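What follows is the content of final09.txt (compact mmCIF, C-alpha atoms).
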# COMPACT_ATOMS: atom_id res chain seq x y z
CA MET A 24 -74.71 -13.00 -6.56
CA LYS A 25 -74.00 -16.08 -8.73
CA LEU A 26 -71.81 -13.93 -10.96
CA HIS A 27 -69.72 -12.84 -7.98
CA LEU A 28 -69.30 -16.45 -6.82
CA LEU A 29 -68.16 -17.55 -10.28
CA MET A 30 -65.58 -14.76 -10.46
CA PHE A 31 -64.30 -15.57 -6.97
CA SER A 32 -63.98 -19.27 -7.84
CA ALA A 33 -62.11 -18.49 -11.03
CA LEU A 34 -59.72 -16.15 -9.20
CA LEU A 35 -59.13 -18.70 -6.46
CA SER A 36 -58.40 -21.43 -9.00
CA HIS A 37 -55.90 -19.18 -10.79
CA ASN A 38 -54.03 -18.39 -7.58
CA VAL A 39 -53.86 -22.04 -6.65
CA VAL A 40 -52.33 -22.85 -10.07
CA VAL A 41 -49.77 -20.04 -9.79
CA PHE A 42 -48.91 -21.10 -6.25
CA ALA A 43 -48.51 -24.67 -7.37
CA ASP A 44 -46.29 -23.62 -10.28
CA ASP A 45 -44.10 -21.55 -7.97
CA ASN A 46 -43.78 -24.45 -5.54
CA HIS A 47 -42.91 -26.78 -8.38
CA ALA A 48 -40.19 -24.43 -9.65
CA THR A 49 -38.78 -24.07 -6.15
CA MET A 50 -38.70 -27.82 -5.62
CA MET A 51 -37.09 -28.43 -9.03
CA HIS A 52 -34.40 -25.85 -8.27
CA HIS A 53 -33.74 -27.44 -4.87
CA GLN A 54 -33.55 -30.91 -6.42
CA HIS A 55 -31.21 -29.68 -9.16
CA SER A 56 -28.96 -28.06 -6.57
CA MET A 57 -28.76 -31.29 -4.63
CA GLU A 58 -27.91 -33.26 -7.76
CA MET A 59 -25.12 -30.87 -8.84
CA PRO A 60 -22.53 -30.73 -6.03
CA GLU A 61 -20.07 -27.84 -5.96
CA ALA A 62 -16.73 -28.38 -7.64
CA PRO A 63 -14.01 -29.44 -5.22
CA LEU A 64 -11.58 -26.75 -4.09
CA SER A 65 -8.77 -28.24 -6.17
CA GLU A 66 -10.76 -27.54 -9.34
CA SER A 67 -11.54 -23.90 -8.54
CA PRO A 68 -10.31 -21.25 -11.02
CA LEU A 69 -7.88 -19.81 -8.45
CA SER A 70 -6.10 -23.14 -8.05
CA GLN A 71 -5.52 -23.25 -11.82
CA ALA A 72 -3.94 -19.76 -11.91
CA PRO A 73 -0.83 -19.57 -9.68
CA LEU A 74 0.44 -16.16 -8.60
CA THR A 75 2.83 -14.36 -10.91
CA GLU A 76 4.16 -11.69 -8.52
CA ALA A 77 7.01 -12.73 -6.22
CA GLY A 78 6.86 -9.67 -3.98
CA ASN A 79 8.52 -6.33 -4.62
CA ASP A 80 10.39 -5.63 -7.85
CA ALA A 81 13.86 -6.31 -6.45
CA PHE A 82 12.81 -9.66 -5.04
CA GLY A 83 11.13 -10.58 -8.33
CA THR A 84 14.27 -9.68 -10.31
CA ILE A 85 16.45 -11.80 -8.04
CA GLN A 86 14.02 -14.70 -8.26
CA GLU A 87 14.06 -14.50 -12.07
CA VAL A 88 17.86 -14.54 -12.11
CA ILE A 89 18.00 -17.58 -9.81
CA ALA A 90 15.47 -19.43 -11.97
CA ARG A 91 17.59 -18.84 -15.08
CA LEU A 92 20.75 -19.90 -13.28
CA ASN A 93 19.06 -23.08 -12.08
CA SER A 94 17.81 -23.89 -15.57
CA ASN A 95 21.32 -23.71 -17.04
CA PRO A 96 23.35 -26.87 -16.29
CA ASP A 97 26.54 -24.98 -17.21
CA THR A 98 26.11 -22.29 -14.54
CA ASP A 99 29.41 -21.70 -12.72
CA TRP A 100 28.10 -21.22 -9.19
CA SER A 101 31.58 -20.30 -7.95
CA LYS A 102 31.23 -17.01 -9.84
CA VAL A 103 27.61 -16.22 -8.97
CA ASP A 104 27.17 -13.14 -6.77
CA ILE A 105 23.51 -12.53 -5.98
CA GLU A 106 24.43 -10.18 -3.14
CA ALA A 107 26.11 -7.78 -5.58
CA LEU A 108 22.88 -7.69 -7.57
CA ARG A 109 20.82 -7.08 -4.44
CA GLU A 110 22.98 -4.12 -3.45
CA HIS A 111 22.66 -2.64 -6.92
CA LEU A 112 18.87 -3.03 -6.84
CA VAL A 113 18.82 -1.20 -3.51
CA ASP A 114 20.73 1.63 -5.22
CA MET A 115 18.12 1.72 -7.97
CA ASN A 116 15.35 1.89 -5.38
CA ASP A 117 17.10 4.81 -3.64
CA MET A 118 17.68 6.56 -6.96
CA THR A 119 13.96 6.30 -7.71
CA LEU A 120 12.23 6.87 -4.37
CA ASN A 121 14.68 8.57 -2.01
CA VAL A 122 15.57 11.53 -4.20
CA GLU A 123 14.01 14.97 -4.34
CA VAL A 124 13.69 16.43 -7.83
CA ILE A 125 14.20 20.11 -7.06
CA SER A 126 13.76 21.43 -10.58
CA GLN A 127 13.59 20.44 -14.22
CA LYS A 128 13.83 23.00 -16.99
CA ALA A 129 14.37 23.07 -20.70
CA VAL A 130 17.80 24.06 -21.98
CA GLN A 131 19.11 24.29 -25.51
CA GLN A 132 18.95 20.82 -27.08
CA GLY A 133 17.66 19.13 -23.95
CA LEU A 134 16.92 19.30 -20.24
CA MET A 135 18.59 20.29 -16.98
CA ALA A 136 17.43 18.59 -13.78
CA ILE A 137 18.59 19.29 -10.23
CA VAL A 138 18.15 16.51 -7.69
CA LYS A 139 19.31 15.75 -4.18
CA PRO A 140 19.25 12.63 -2.01
CA THR A 141 16.89 12.55 0.96
CA THR A 142 18.77 9.90 2.97
CA ALA A 143 22.41 9.04 3.65
CA ARG A 144 21.89 5.74 1.85
CA SER A 145 20.53 7.43 -1.27
CA ALA A 146 23.44 9.92 -1.24
CA ALA A 147 25.87 7.02 -1.61
CA ALA A 148 23.61 5.38 -4.20
CA LEU A 149 23.57 8.48 -6.40
CA GLU A 150 27.37 8.63 -6.33
CA ARG A 151 27.55 5.09 -7.65
CA VAL A 152 24.75 5.43 -10.20
CA PHE A 153 25.89 8.74 -11.67
CA SER A 154 29.43 7.43 -12.08
CA ALA A 155 28.24 4.87 -14.63
CA HIS A 156 24.89 5.93 -16.08
CA PRO A 157 25.98 8.80 -18.40
CA ALA A 158 28.23 6.47 -20.40
CA GLN A 159 25.52 3.81 -20.58
CA LEU A 160 22.93 6.37 -21.70
CA LYS A 161 25.31 7.58 -24.41
CA ARG A 162 25.75 4.04 -25.77
CA ALA A 163 22.02 3.30 -25.67
CA THR A 164 20.65 6.57 -27.06
CA GLY A 165 23.48 8.76 -28.28
CA TRP A 166 22.50 11.45 -25.74
CA ASP A 167 25.05 13.31 -23.65
CA MET A 168 24.52 13.54 -19.88
CA GLN A 169 26.76 15.79 -17.82
CA VAL A 170 26.61 15.48 -14.03
CA VAL A 171 27.88 18.26 -11.77
CA LYS A 172 27.74 18.00 -7.98
CA THR A 173 27.43 21.10 -5.80
CA GLY A 174 27.11 20.38 -2.10
CA ASP A 175 24.41 17.73 -1.76
CA ARG A 176 22.81 18.56 -5.09
CA TYR A 177 23.40 17.10 -8.52
CA MET A 178 22.80 19.00 -11.74
CA LEU A 179 22.13 16.68 -14.67
CA THR A 180 22.21 18.24 -18.13
CA THR A 181 21.13 15.90 -20.93
CA THR A 182 21.30 17.00 -24.56
CA THR A 183 21.03 15.56 -28.05
CA ALA A 184 22.31 16.53 -31.48
CA ASN A 185 19.02 15.30 -32.98
CA PRO A 186 16.38 18.08 -32.90
CA GLY A 187 13.62 15.49 -33.17
CA GLU A 188 14.59 13.97 -29.80
CA VAL A 189 14.75 17.17 -27.73
CA ASN A 190 11.13 16.96 -26.61
CA LYS A 191 11.58 13.30 -25.79
CA ILE A 192 14.40 14.10 -23.38
CA ARG A 193 12.32 16.82 -21.77
CA GLY A 194 9.30 14.58 -21.49
CA LEU A 195 11.29 11.77 -19.87
CA GLY A 196 12.68 14.02 -17.17
CA TYR A 197 15.05 12.84 -14.44
CA ILE A 198 13.72 9.37 -13.74
CA GLY A 199 12.84 8.65 -17.38
CA LEU A 200 16.40 9.43 -18.41
CA MET A 201 17.74 7.20 -15.65
CA ALA A 202 15.49 4.35 -16.83
CA SER A 203 16.14 4.79 -20.55
CA GLY A 204 17.98 2.14 -22.53
CA SER A 205 17.85 -1.64 -22.46
CA HIS A 206 21.18 -2.10 -20.71
CA HIS A 207 19.75 -2.60 -17.23
CA GLN A 208 18.75 -6.24 -17.72
CA GLN A 209 22.13 -7.22 -19.18
CA HIS A 210 23.84 -5.20 -16.46
CA HIS A 211 21.95 -7.11 -13.75
CA TRP A 212 22.70 -10.46 -15.34
CA SER A 213 26.42 -9.66 -15.56
CA MET A 214 26.53 -8.67 -11.90
CA ALA A 215 24.69 -11.81 -10.75
CA THR A 216 26.93 -14.14 -12.76
CA GLY A 217 30.14 -12.54 -11.52
CA GLU A 218 31.06 -10.83 -14.79
CA ASN A 219 32.26 -7.25 -15.13
CA PRO A 220 29.11 -5.37 -16.22
CA HIS A 221 31.25 -2.65 -17.76
CA ALA A 222 33.61 -4.90 -19.68
CA GLY A 223 34.25 -3.54 -23.15
CA HIS A 224 32.51 -0.26 -22.31
CA GLN A 225 35.58 1.77 -21.58
Show me, as structure tokens, the structure contained in the file I just sent.
Amino acid sequence: MKLHLLMFSALLSHNVVVFADDNHATMMHHQHSMEMPEAPLSESPLSQAPLTEAGNDAFGTIQEVIARLNSNPDTDWSKVDIEALREHLVDMNDMTLNVEVISQKAVQQGLMAIVKPTTARSAAALERVFSAHPAQLKRATGWDMQVVKTGDRYMLTTTTANPGEVNKIRGLGYIGLMASGSHHQQHHWSMATGENPHAGHQ
């Protein structure tokens, strides 16, 4: 009987100590929390990292152009034509999204792709884009692009004299070939600043 009482007393004492330790830890945590107020909203990580996206790609491109124009004290605003750039970016959007790629197949030295517009707006856009892009692609890559229109369809045949680039052309496909080259940025800048984007390219 005495042995049982001793064991019970020891167990009770142990539980009281553990309970006291837990209470102490809880109180210390509560006190620490009260002593360390949360950082004000102005110091939050989000407030230190402003957004980098302006909206869609066309809007972002226009915003970048305006920022560069504003930063140049010599900008001739009488020649600036942001609307011309906007219309061109709409054409690029149509060329990318509002076109059906009917087929793409390998041909000797390159690729033949057949595409057609899916809206009236994209039909007009393709007329404008295909009138200039083959020459720009030739200057940028050395590749030849021939465009033939039959009804509402366009057949684009792109070839190269370099055997090592044939698979590249085929891998790029329609939209990759339209996006190839680094002329787009300069082209957009020329349009926005009122210059002839095709000057010296005849």
Task: Shell around stretch 171-187 of chain A at 10 Å using all atoms listed in the file, local window under 6 positions removed, as number ranges by chain - done: A: 123-141, 146, 149-150, 153, 157, 160-161, 164-165, 193, 196-197, 200
Provide an axis-aligned box for all listed atoms of stretch 101-116 of chain A, padding each side by 5 Å; report its centre and its edge lengths in Å to one decimal, as JSON.
{"center_x": 23.5, "center_y": -9.2, "center_z": -6.5, "size_x": 26.2, "size_y": 32.2, "size_z": 16.7}
TODO: Go ahead and compute the interatomic distance for atom CA of A:Met168 and atom CA of A:Gly217, in Å to one decimal.
DONE: 28.0 Å
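Proximity ranking of A:Ala143, A:Ile192, A:Ala215, A:Met201 relative to A:Asp99 places A:Ala215 first, based on only C-alpha atoms.
Going from atom CA of A:Thr119 over to atom CA of A:Gly78, you cover 17.9 Å.
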TODO: Identify, on the basis of all atoms listed in the file, every residue whose closest approach to A:Val103 does not exceed 10 Å; exclude the query and any residue fewer than 4 positions from it along the same chain; express the result as a ChimeraX atom specification.
DONE: /A:89,92,98-99,107-108,212-218
Go ahead and write the residues just picked, C-alpha atoms, as an mmCIF file, in the frame of the given file.
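Wrote result_16.cif, looks like this:
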data_model
loop_
_atom_site.group_PDB
_atom_site.id
_atom_site.type_symbol
_atom_site.label_atom_id
_atom_site.label_comp_id
_atom_site.auth_asym_id
_atom_site.auth_seq_id
_atom_site.Cartn_x
_atom_site.Cartn_y
_atom_site.Cartn_z
ATOM 1 C CA ILE A 89 18.000 -17.580 -9.810
ATOM 2 C CA LEU A 92 20.750 -19.900 -13.280
ATOM 3 C CA THR A 98 26.110 -22.290 -14.540
ATOM 4 C CA ASP A 99 29.410 -21.700 -12.720
ATOM 5 C CA ALA A 107 26.110 -7.780 -5.580
ATOM 6 C CA LEU A 108 22.880 -7.690 -7.570
ATOM 7 C CA TRP A 212 22.700 -10.460 -15.340
ATOM 8 C CA SER A 213 26.420 -9.660 -15.560
ATOM 9 C CA MET A 214 26.530 -8.670 -11.900
ATOM 10 C CA ALA A 215 24.690 -11.810 -10.750
ATOM 11 C CA THR A 216 26.930 -14.140 -12.760
ATOM 12 C CA GLY A 217 30.140 -12.540 -11.520
ATOM 13 C CA GLU A 218 31.060 -10.830 -14.790
#
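Proximity ranking of A:Val88, A:Ile105, A:Val113, A:Val189 relative to A:Trp166 places A:Val189 first, based on only C-alpha atoms.
Comparing the minimum interatomic distances between A:Ala202 and each of A:Asn116, A:Asn121, A:Asn190, A:Gln169, counting all atoms listed in the file, we find that A:Asn116 sits nearest.
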Sphere at (16.0, -8.4, -11.9), radius 9 Å, counting only C-alpha atoms: residues as a PDB file with C-alpha atoms, in the coordinates of the input:
ATOM      1  CA  ASP A  80      10.390  -5.630  -7.850  1.00  0.00           C
ATOM      2  CA  ALA A  81      13.860  -6.310  -6.450  1.00  0.00           C
ATOM      3  CA  PHE A  82      12.810  -9.660  -5.040  1.00  0.00           C
ATOM      4  CA  GLY A  83      11.130 -10.580  -8.330  1.00  0.00           C
ATOM      5  CA  THR A  84      14.270  -9.680 -10.310  1.00  0.00           C
ATOM      6  CA  ILE A  85      16.450 -11.800  -8.040  1.00  0.00           C
ATOM      7  CA  GLN A  86      14.020 -14.700  -8.260  1.00  0.00           C
ATOM      8  CA  GLU A  87      14.060 -14.500 -12.070  1.00  0.00           C
ATOM      9  CA  VAL A  88      17.860 -14.540 -12.110  1.00  0.00           C
ATOM     10  CA  LEU A 108      22.880  -7.690  -7.570  1.00  0.00           C
ATOM     11  CA  ARG A 109      20.820  -7.080  -4.440  1.00  0.00           C
ATOM     12  CA  LEU A 112      18.870  -3.030  -6.840  1.00  0.00           C
ATOM     13  CA  HIS A 207      19.750  -2.600 -17.230  1.00  0.00           C
ATOM     14  CA  GLN A 208      18.750  -6.240 -17.720  1.00  0.00           C
ATOM     15  CA  HIS A 211      21.950  -7.110 -13.750  1.00  0.00           C
ATOM     16  CA  TRP A 212      22.700 -10.460 -15.340  1.00  0.00           C
TER      17      TRP A 212
END
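Among the candidates A:Glu106, A:Val122, A:Asn93, A:Ser203, the one nearest to A:Ala163 when counting only C-alpha atoms is A:Ser203.
We find atom CA of A:Asp114 and atom CA of A:Ala148 to be spaced 4.8 Å apart.
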